[in-house]
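What follows is a set of notes on a single structure, which appears directly below.
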Amino acid sequence: MCLNPNETAPNPSHFEESEETAAAHRDIAWNDYRDLIKGMRFFDPHIHMVSRTTDDYQAMHQAGIVALIEPAFWVGQPRTGLSSFKDYYSSLVGWERFRSSQFGIKHYCTMGLNSREANNEPLAEQVMEILPLYIYKEGVVGVGEIGFDDQTPAEEKYYRLQLELAKEAKLPVQIHTPHRDKKKGTERSMAIAIEHGIDPSWVIVDHNNEETVKSVLDKGFWAAFTIYPFTKMGNERMVKVVEQYGPERIMINSAADWGISDPLAIPKTAALMKMKGISDETIRLVTYQNAIDAFGKSGQIDVTDFEGGYEIDQSAKFHGNSILRGGQQPAPVKDSLVIR
Ligand SMILES: [Zn+2]
């Protein structure tokens, strides 16, 4: 959810203005880093799997991602009616959760009205009416991703209403900070949350950078960082942030979505941290445990669901449908040149 649709940018999804000219992100092949992260478990607290493929699920599972959170999000074009919100929310607790389980990954989600679509007030009003039907569902670990995009009065109105909803439901809040005017938007998001009497330890402020992190941590909020190719944070910069601030209340995520993004951002960053001499315990905190502690306040995360590994039965069905199409066999061998 990001840019004005009239703007043209190479990556409109989680894009932010960036003063960097050189790409902060470099690709490394699985064989380059598999041994560095051997035995590590990862939790991606922000990734939009409805936009990703089965190849992604398989690669994530192979790289050690055992659980994830899918925040409710903007789909890339404005929804035209309430039904598409309903179907989307239903898929986050339904088909997508099932699909994830078929690849051995525990799927949670956060529910919310995204900031861009808060600007369509007649529709936003209707969405606010149905949101309570979804936030109490099993596996919903927060209200999110909410906050500011263009920092309009309508965005503020629905952000405040959803903070109240989170408070009432005793759920953590996942804040999307704006791409433009990030510093100001981040400060404003935190000030409003405090004004609503929300304990900062219940709020995960997302898409931080070097400019926002200190203030977020000083105020007692969780600081999430999105490792996103070219735009938000490269993982070399992320290593420096962890070196400077330590692991406390810091977590990283991929925010992979329908734009150019990397669902393996966490395992790759863990490998890079390992190469740079960061301790295993610090890596574990920022790539796994802190996300569980923050979103676990919802009471919805039971680590025994994913720490012991999954029995995957890819012939299982969700409402009569399986992920196998037309008599496919489960889990084909991915490295095989011949596709049968
Ligand atoms: Zn997102």
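By convention here, the chains of the structure tokens are called A, B, ... in the order presented, each chain's residues are numbered starting at 1, and ligands are numbered starting at 1 in the order presented.
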
- Quick one: residues within 6 Å of region 178-195 of chain A, only C-alpha atoms counted, chain neighbours fewer than 3 positions away excluded, as a list in words?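 In the requested format, the answer is Glu16, Phe148, Asp149, Ile198 and Thr212 of chain A.
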
Written selection (N, CA, C and O atoms) as an mmCIF file, in the first residue's frame:
data_model
loop_
_atom_site.group_PDB
_atom_site.id
_atom_site.type_symbol
_atom_site.label_atom_id
_atom_site.label_comp_id
_atom_site.auth_asym_id
_atom_site.auth_seq_id
_atom_site.Cartn_x
_atom_site.Cartn_y
_atom_site.Cartn_z
ATOM 1 N N GLU A 16 9.386 3.521 -0.998
ATOM 2 C CA GLU A 16 9.511 4.811 -0.332
ATOM 3 C C GLU A 16 10.537 5.625 -1.100
ATOM 4 O O GLU A 16 11.369 5.086 -1.805
ATOM 5 N N PHE A 148 -0.847 5.603 8.620
ATOM 6 C CA PHE A 148 -0.915 6.698 7.652
ATOM 7 C C PHE A 148 -0.267 6.356 6.317
ATOM 8 O O PHE A 148 0.737 5.636 6.268
ATOM 9 N N ASP A 149 -0.859 6.913 5.262
ATOM 10 C CA ASP A 149 -0.245 6.860 3.938
ATOM 11 C C ASP A 149 0.046 8.298 3.506
ATOM 12 O O ASP A 149 1.159 8.773 3.601
ATOM 13 N N ILE A 198 -2.981 3.435 24.592
ATOM 14 C CA ILE A 198 -2.445 2.116 24.249
ATOM 15 C C ILE A 198 -1.002 1.999 24.722
ATOM 16 O O ILE A 198 -0.179 2.882 24.482
ATOM 17 N N THR A 212 14.155 6.726 12.126
ATOM 18 C CA THR A 212 13.018 6.605 13.044
ATOM 19 C C THR A 212 13.300 5.693 14.232
ATOM 20 O O THR A 212 12.627 5.797 15.264
#

- Please give the complete set of residues from region 226-271 of chain A that DSSP, run on the backbone, assigns to helix (DSSP H, G or I), formatted as a VMD selection string. chain A and resid 235 to 245 265 to 271

Could you please take those selected residues and save C-alpha atoms as a PDB file, in the first residue's frame?
ATOM      1  CA  ASN A 235      20.091  -5.985   4.824  1.00  0.00           C
ATOM      2  CA  GLU A 236      23.606  -4.572   5.077  1.00  0.00           C
ATOM      3  CA  ARG A 237      22.075  -1.473   6.616  1.00  0.00           C
ATOM      4  CA  MET A 238      20.001  -3.747   8.848  1.00  0.00           C
ATOM      5  CA  VAL A 239      23.111  -5.427  10.208  1.00  0.00           C
ATOM      6  CA  LYS A 240      24.437  -1.989  11.189  1.00  0.00           C
ATOM      7  CA  VAL A 241      21.192  -1.115  12.976  1.00  0.00           C
ATOM      8  CA  VAL A 242      21.386  -4.303  15.024  1.00  0.00           C
ATOM      9  CA  GLU A 243      25.058  -3.650  15.771  1.00  0.00           C
ATOM     10  CA  GLN A 244      24.161  -0.210  17.015  1.00  0.00           C
ATOM     11  CA  TYR A 245      20.939  -0.857  18.930  1.00  0.00           C
ATOM     12  CA  ALA A 265      14.658 -11.607   3.197  1.00  0.00           C
ATOM     13  CA  ILE A 266      14.790 -12.948   6.762  1.00  0.00           C
ATOM     14  CA  PRO A 267      16.922 -16.062   6.176  1.00  0.00           C
ATOM     15  CA  LYS A 268      19.257 -14.048   3.937  1.00  0.00           C
ATOM     16  CA  THR A 269      19.627 -11.328   6.551  1.00  0.00           C
ATOM     17  CA  ALA A 270      20.241 -13.931   9.251  1.00  0.00           C
ATOM     18  CA  ALA A 271      23.019 -15.384   7.109  1.00  0.00           C
TER      19      ALA A 271
END

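Those residues that approach Leu161 (chain A) to within 9 Å, counting only C-alpha atoms, are Met128, Glu156 and Ala166 of chain A; same-chain residues fewer than 5 positions away are not listed.
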
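Of the residues listed (A:Ile250, A:Met233, A:Ile312, A:Val75), A:Val75 shows the shortest atom-to-atom separation from ligand 1; distances use only C-alpha atoms and all ligand atoms.
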
- Item | Selected residue of minimal separation from ligand 1 among A:Ile283, A:Leu36, A:Met275, A:Ala224, counting only C-alpha atoms and all ligand atoms |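 Under the stated criterion, the closest residue is A:Ala224.
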
- Quick one: residues within 6 Å of region 108-117 of chain A, only C-alpha atoms counted, chain neighbours fewer than 4 positions away excluded, as a count of residues only? 17

- Å distance separating CA of Ser84 (chain A) from CA of Leu123 (chain A), one decimal place: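 Computing the Euclidean distance for CA of Ser84 (chain A) and CA of Leu123 (chain A) yields 11.0 Å.
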
- Item | Residue nearest Glu145 (chain A) among A:Lys86, A:His46, A:Lys214, A:Lys317 (counting only C-alpha atoms) |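 Of A:Lys86, A:His46, A:Lys214, A:Lys317, the one nearest Glu145 (chain A) is A:His46, counting only C-alpha atoms.
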